[in-house]
Amino acid sequence: MQAEKEEEEASPEEYVALCDFTASGSEQLGFSTGDKLLVHAKPSADWWWAELQGVIGYVPASYLRQDAAEDEDDTSLEDPWQDDEYFGSYGTLRLHLEMLSDRSRTETYRQVIVSNSASLRNKVVMDLGCGTGIISLFCAQLAQPSVVYAVEASSMAVHTRQLVKQNGCEEVVTVLQGRAEELELPEQADILVSEWMGNCLLFEFMVESVLLARDRWLRDGGVMWPSSAALTLVPCQADSYYSEKMAFWERPYGLDFTPLQPLAQQEFFTKPKFSHLIDPKDCLSAPCDVICLNMYTVQVRDLEEMEGEFKFCVVKPGVFHGFTAWFTVQFESLEAGGATVELDTGPNSDPTHWKQTLFMLDKPIHVYGGDSIRGNIVLRRNPVWRRHMTVTLHWNINSSSDNCQVGTKSFPMWR
């Protein structure tokens, strides 16, 4: 029976590291590009239990690949952009329903068109990633451009053509199906408009397609909408989320389940919490912009790694559970002296479908009014899976209680 049991147990598999990974917790295992790791268990799709030089810990699964010599038929890296999955999701109505139901987002784009309607007259507009064509239809119905090129790579483009015809805009709006990188327009555009933003501003990196289209199809002196963007960060409390995921294990049903807390920390706090809604009262300081993009000058190569510094002054005593991030984008006016329109996804504005993104520390830290939290944030694009990235936060707390603490934590962003 013992021999049979040993035969049933899976032997470790050897994997090669595709890029560096810095461990940010005692349960994680750091490694460098090219390291060979033995994977002992795959408890989840995202985190595996692996060994490197006799040391064992959790590692991010997407950073590893089986040795090509052992797996010559592996085709998992044929599509580093995961276009089939990405554009497939935009070929269904689920995401479009979510976006169109986001009134803050959609009304902001309509406001931009209305406030610039006179200047849009006889202009050539390119709407990149148009989806159902809502922005193109706004342009056609609320302004008088000469033409709007509505560009959509997913199969939704077929339905967008129907919507354009149904709303009587086929004389103005031309729907083109294809990727921006492969697109051919009959002329250059005066305005390039797109809704490219993802969680933490850059996630999914649709912005690369926008920049490539800008360089190829926007005429000299043309206008980008959005014209600029900023990622905003704030240290925060997250009592309810911490209680739900971590404190729960202290005495459920009168029993001590604390041995499960390290597993809970690994499962719930090693990745960002998307769709978080922070109460403004949980902000421990005033927020600050940590990364800013000028959509006229930022280059594709700049997206590989973006870094920003922060310095927060804690305004009240509380528990520092982590950082919350959101973004704003600005649309410059075509009118001389016209007002800039802004879309703010932060906690002091109407909620959007992006909401905010929460990054939890491994352990909460008590802070007090007057304490400072300094550090930096790095957004590092995944060198293999091009729509994904890792967010690394470094912080230093200088406390009035002489309780100074330094910390670093990396959060792989993939779904």
# chains A, B, ... in the order shown; residues from 1 in each chain; ligands from 1

$ residues_around --residues "Asp46 in chain A" --least-positions-apart "6" --cutoff "9 Å" --atoms "only C-alpha atoms" --output "PDB file with N, CA and C atoms, in the first residue's frame"
ATOM      1  N   VAL A  59       5.311  31.186  -5.416  1.00  0.00           N
ATOM      2  CA  VAL A  59       5.815  31.931  -6.573  1.00  0.00           C
ATOM      3  C   VAL A  59       4.653  32.222  -7.514  1.00  0.00           C
ATOM      4  N   PRO A  60       4.694  33.339  -8.253  1.00  0.00           N
ATOM      5  CA  PRO A  60       3.632  33.658  -9.210  1.00  0.00           C
ATOM      6  C   PRO A  60       3.725  32.755 -10.442  1.00  0.00           C
ATOM      7  N   ALA A  61       2.653  32.049 -10.735  1.00  0.00           N
ATOM      8  CA  ALA A  61       2.671  31.045 -11.797  1.00  0.00           C
ATOM      9  C   ALA A  61       2.988  31.635 -13.164  1.00  0.00           C
ATOM     10  N   SER A  62       2.515  32.858 -13.425  1.00  0.00           N
ATOM     11  CA  SER A  62       2.695  33.428 -14.770  1.00  0.00           C
ATOM     12  C   SER A  62       4.137  33.822 -15.052  1.00  0.00           C
ATOM     13  N   TRP A 414      -2.802  40.459 -12.728  1.00  0.00           N
ATOM     14  CA  TRP A 414      -3.377  39.674 -13.824  1.00  0.00           C
ATOM     15  C   TRP A 414      -4.619  39.013 -13.293  1.00  0.00           C
ATOM     16  N   ARG A 415      -5.489  38.539 -14.242  1.00  0.00           N
ATOM     17  CA  ARG A 415      -6.755  37.960 -13.812  1.00  0.00           C
ATOM     18  C   ARG A 415      -6.765  36.477 -14.108  1.00  0.00           C
TER      19      ARG A 415
END

$ residues_around --residues "range 301-312 of chain A" --least-positions-apart "6" --cutoff "10 Å" --atoms "only C-alpha atoms" --output "NGL selection string"
:A and (202 or 205 or 207-208 or 231-235 or 284-293 or 370-383 or 386 or 389-397)

$ select_by_dssp --residues "range 226-267 of chain A" --states "alpha helix (DSSP H)" --output "JSON, numbers by chain"
{"A": [239, 240, 241, 242, 243, 244, 245, 261, 262, 263, 264, 265, 266, 267]}

$ closest_residue --among "A:Ser11, A:Asn294, A:Ser24, A:Gly318" --to "Gly407 in chain A" --atoms "only C-alpha atoms"
A:Ser24

$ residues_around --residues "range 214-217 of chain A" --least-positions-apart "4" --cutoff "7 Å" --atoms "only C-alpha atoms" --output "number ranges by chain"
A: 188-189, 210

$ closest_residue --among "A:Ala157, A:Gly221, A:Leu334, A:Leu38" --to "Ser119 in chain A" --atoms "only C-alpha atoms"
A:Leu334

$ residues_around --residues "Met224 in chain A" --least-positions-apart "2" --cutoff "6 Å" --atoms "only C-alpha atoms" --output "PyMOL selection string"
chain A and resi 191-192+226-227

$ select_by_dssp --residues "range 95-278 of chain A" --states "strand (DSSP E or B)" --output "mmCIF file with N, CA and C atoms, in the first residue's frame"
data_model
loop_
_atom_site.group_PDB
_atom_site.id
_atom_site.type_symbol
_atom_site.label_atom_id
_atom_site.label_comp_id
_atom_site.auth_asym_id
_atom_site.auth_seq_id
_atom_site.Cartn_x
_atom_site.Cartn_y
_atom_site.Cartn_z
ATOM 1 N N VAL A 124 -11.816 65.574 -38.920
ATOM 2 C CA VAL A 124 -11.711 64.125 -39.062
ATOM 3 C C VAL A 124 -11.412 63.540 -37.679
ATOM 4 N N VAL A 125 -12.286 62.653 -37.230
ATOM 5 C CA VAL A 125 -12.173 62.083 -35.889
ATOM 6 C C VAL A 125 -11.882 60.589 -35.998
ATOM 7 N N MET A 126 -10.953 60.118 -35.180
ATOM 8 C CA MET A 126 -10.679 58.682 -35.062
ATOM 9 C C MET A 126 -11.072 58.252 -33.659
ATOM 10 N N ASP A 127 -12.007 57.306 -33.565
ATOM 11 C CA ASP A 127 -12.468 56.757 -32.285
ATOM 12 C C ASP A 127 -11.898 55.348 -32.175
ATOM 13 N N LEU A 128 -10.814 55.209 -31.398
ATOM 14 C CA LEU A 128 -10.085 53.945 -31.335
ATOM 15 C C LEU A 128 -10.616 53.061 -30.203
ATOM 16 N N VAL A 147 -16.031 63.352 -40.925
ATOM 17 C CA VAL A 147 -16.085 61.894 -40.870
ATOM 18 C C VAL A 147 -15.583 61.439 -39.505
ATOM 19 N N VAL A 148 -16.134 60.333 -39.035
ATOM 20 C CA VAL A 148 -15.629 59.664 -37.829
ATOM 21 C C VAL A 148 -15.251 58.241 -38.213
ATOM 22 N N TYR A 149 -13.990 57.885 -38.006
ATOM 23 C CA TYR A 149 -13.543 56.512 -38.233
ATOM 24 C C TYR A 149 -13.634 55.768 -36.906
ATOM 25 N N ALA A 150 -14.619 54.897 -36.799
ATOM 26 C CA ALA A 150 -14.856 54.121 -35.585
ATOM 27 C C ALA A 150 -14.123 52.796 -35.716
ATOM 28 N N VAL A 151 -13.054 52.629 -34.954
ATOM 29 C CA VAL A 151 -12.166 51.479 -35.094
ATOM 30 C C VAL A 151 -12.403 50.505 -33.941
ATOM 31 N N GLU A 152 -12.672 49.250 -34.279
ATOM 32 C CA GLU A 152 -12.925 48.224 -33.262
ATOM 33 C C GLU A 152 -12.344 46.900 -33.738
ATOM 34 N N VAL A 173 -20.262 58.274 -39.906
ATOM 35 C CA VAL A 173 -19.456 57.289 -39.177
ATOM 36 C C VAL A 173 -19.130 56.101 -40.081
ATOM 37 N N THR A 174 -17.849 55.805 -40.198
ATOM 38 C CA THR A 174 -17.375 54.631 -40.917
ATOM 39 C C THR A 174 -16.743 53.674 -39.913
ATOM 40 N N VAL A 175 -17.286 52.475 -39.813
ATOM 41 C CA VAL A 175 -16.771 51.486 -38.868
ATOM 42 C C VAL A 175 -15.706 50.641 -39.556
ATOM 43 N N LEU A 176 -14.535 50.564 -38.931
ATOM 44 C CA LEU A 176 -13.422 49.772 -39.452
ATOM 45 C C LEU A 176 -13.073 48.704 -38.433
ATOM 46 N N GLN A 177 -13.064 47.450 -38.856
ATOM 47 C CA GLN A 177 -12.727 46.370 -37.938
ATOM 48 C C GLN A 177 -11.272 45.962 -38.126
ATOM 49 N N ALA A 189 -6.080 61.962 -38.993
ATOM 50 C CA ALA A 189 -7.160 62.461 -38.136
ATOM 51 C C ALA A 189 -6.761 63.766 -37.463
ATOM 52 N N ASP A 190 -7.771 64.613 -37.241
ATOM 53 C CA ASP A 190 -7.574 65.846 -36.478
ATOM 54 C C ASP A 190 -7.694 65.589 -34.978
ATOM 55 N N ILE A 191 -8.545 64.625 -34.616
ATOM 56 C CA ILE A 191 -8.772 64.278 -33.211
ATOM 57 C C ILE A 191 -8.717 62.766 -33.069
ATOM 58 N N LEU A 192 -7.956 62.288 -32.088
ATOM 59 C CA LEU A 192 -7.930 60.863 -31.754
ATOM 60 C C LEU A 192 -8.544 60.726 -30.366
ATOM 61 N N VAL A 193 -9.712 60.093 -30.299
ATOM 62 C CA VAL A 193 -10.402 59.905 -29.028
ATOM 63 C C VAL A 193 -10.460 58.420 -28.720
ATOM 64 N N SER A 194 -10.285 58.074 -27.459
ATOM 65 C CA SER A 194 -10.313 56.673 -27.059
ATOM 66 C C SER A 194 -10.608 56.574 -25.567
ATOM 67 N N GLY A 198 -7.424 51.372 -17.929
ATOM 68 C CA GLY A 198 -7.719 50.142 -17.199
ATOM 69 C C GLY A 198 -7.496 50.345 -15.713
ATOM 70 N N LEU A 201 -4.924 52.610 -14.115
ATOM 71 C CA LEU A 201 -4.688 53.384 -15.336
ATOM 72 C C LEU A 201 -4.171 52.559 -16.500
ATOM 73 N N LEU A 218 -2.380 60.601 -36.365
ATOM 74 C CA LEU A 218 -2.765 61.940 -35.907
ATOM 75 C C LEU A 218 -1.914 62.978 -36.627
ATOM 76 N N ARG A 219 -2.572 63.916 -37.264
ATOM 77 C CA ARG A 219 -1.844 64.943 -38.014
ATOM 78 C C ARG A 219 -1.070 65.839 -37.043
ATOM 79 N N ASP A 220 -0.080 66.550 -37.556
ATOM 80 C CA ASP A 220 0.652 67.528 -36.749
ATOM 81 C C ASP A 220 -0.326 68.571 -36.213
ATOM 82 N N GLY A 221 -0.259 68.809 -34.915
ATOM 83 C CA GLY A 221 -1.174 69.766 -34.307
ATOM 84 C C GLY A 221 -2.518 69.173 -33.940
ATOM 85 N N GLY A 222 -2.694 67.856 -34.170
ATOM 86 C CA GLY A 222 -3.948 67.206 -33.815
ATOM 87 C C GLY A 222 -4.117 67.078 -32.313
ATOM 88 N N VAL A 223 -5.323 66.685 -31.900
ATOM 89 C CA VAL A 223 -5.684 66.669 -30.487
ATOM 90 C C VAL A 223 -5.934 65.246 -30.015
ATOM 91 N N MET A 224 -5.413 64.946 -28.813
ATOM 92 C CA MET A 224 -5.637 63.661 -28.164
ATOM 93 C C MET A 224 -6.678 63.818 -27.070
ATOM 94 N N TRP A 225 -7.674 62.939 -27.060
ATOM 95 C CA TRP A 225 -8.650 62.855 -25.962
ATOM 96 C C TRP A 225 -8.649 61.438 -25.412
ATOM 97 N N SER A 228 -4.286 64.080 -21.132
ATOM 98 C CA SER A 228 -3.347 63.759 -20.058
ATOM 99 C C SER A 228 -4.035 62.824 -19.071
ATOM 100 N N ALA A 229 -3.226 62.173 -18.242
ATOM 101 C CA ALA A 229 -3.771 61.218 -17.274
ATOM 102 C C ALA A 229 -2.854 61.185 -16.060
ATOM 103 N N ALA A 230 -3.425 60.799 -14.917
ATOM 104 C CA ALA A 230 -2.637 60.713 -13.693
ATOM 105 C C ALA A 230 -3.127 59.547 -12.843
ATOM 106 N N LEU A 231 -2.179 58.840 -12.243
ATOM 107 C CA LEU A 231 -2.477 57.799 -11.267
ATOM 108 C C LEU A 231 -2.317 58.403 -9.879
ATOM 109 N N THR A 232 -3.330 58.228 -9.044
ATOM 110 C CA THR A 232 -3.365 58.839 -7.717
ATOM 111 C C THR A 232 -3.310 57.753 -6.652
ATOM 112 N N LEU A 233 -2.635 58.055 -5.539
ATOM 113 C CA LEU A 233 -2.440 57.077 -4.475
ATOM 114 C C LEU A 233 -2.727 57.736 -3.127
ATOM 115 N N VAL A 234 -3.203 56.916 -2.175
ATOM 116 C CA VAL A 234 -3.418 57.408 -0.813
ATOM 117 C C VAL A 234 -3.245 56.241 0.157
ATOM 118 N N PRO A 235 -2.612 56.462 1.325
ATOM 119 C CA PRO A 235 -2.602 55.426 2.359
ATOM 120 C C PRO A 235 -3.976 55.372 3.016
ATOM 121 N N CYS A 236 -4.392 54.186 3.392
ATOM 122 C CA CYS A 236 -5.789 54.067 3.818
ATOM 123 C C CYS A 236 -5.996 52.997 4.883
ATOM 124 N N LYS A 273 -6.921 44.278 -4.867
ATOM 125 C CA LYS A 273 -8.377 44.110 -4.831
ATOM 126 C C LYS A 273 -8.981 45.111 -5.806
ATOM 127 N N PHE A 274 -9.440 44.605 -6.938
ATOM 128 C CA PHE A 274 -10.115 45.460 -7.910
ATOM 129 C C PHE A 274 -11.520 45.812 -7.413
ATOM 130 N N SER A 275 -12.118 46.818 -8.031
ATOM 131 C CA SER A 275 -13.503 47.215 -7.743
ATOM 132 C C SER A 275 -13.715 47.518 -6.263
ATOM 133 N N HIS A 276 -12.692 48.117 -5.661
ATOM 134 C CA HIS A 276 -12.795 48.540 -4.265
ATOM 135 C C HIS A 276 -13.418 49.930 -4.218
#

$ residues_around --residues "Glu14 in chain A" --least-positions-apart "3" --cutoff "8 Å" --atoms "only C-alpha atoms" --output "PyMOL selection string"
chain A and resi 36-39+66-67

$ closest_residue --among "A:Glu98, A:Asp350, A:Glu244, A:Asp20" --to "Ser32 in chain A" --atoms "only C-alpha atoms"
A:Asp20

$ closest_residue --among "A:Val341, A:Phe323, A:Ile113, A:Ser154" --to "Ser89 in chain A" --atoms "only C-alpha atoms"
A:Ser154
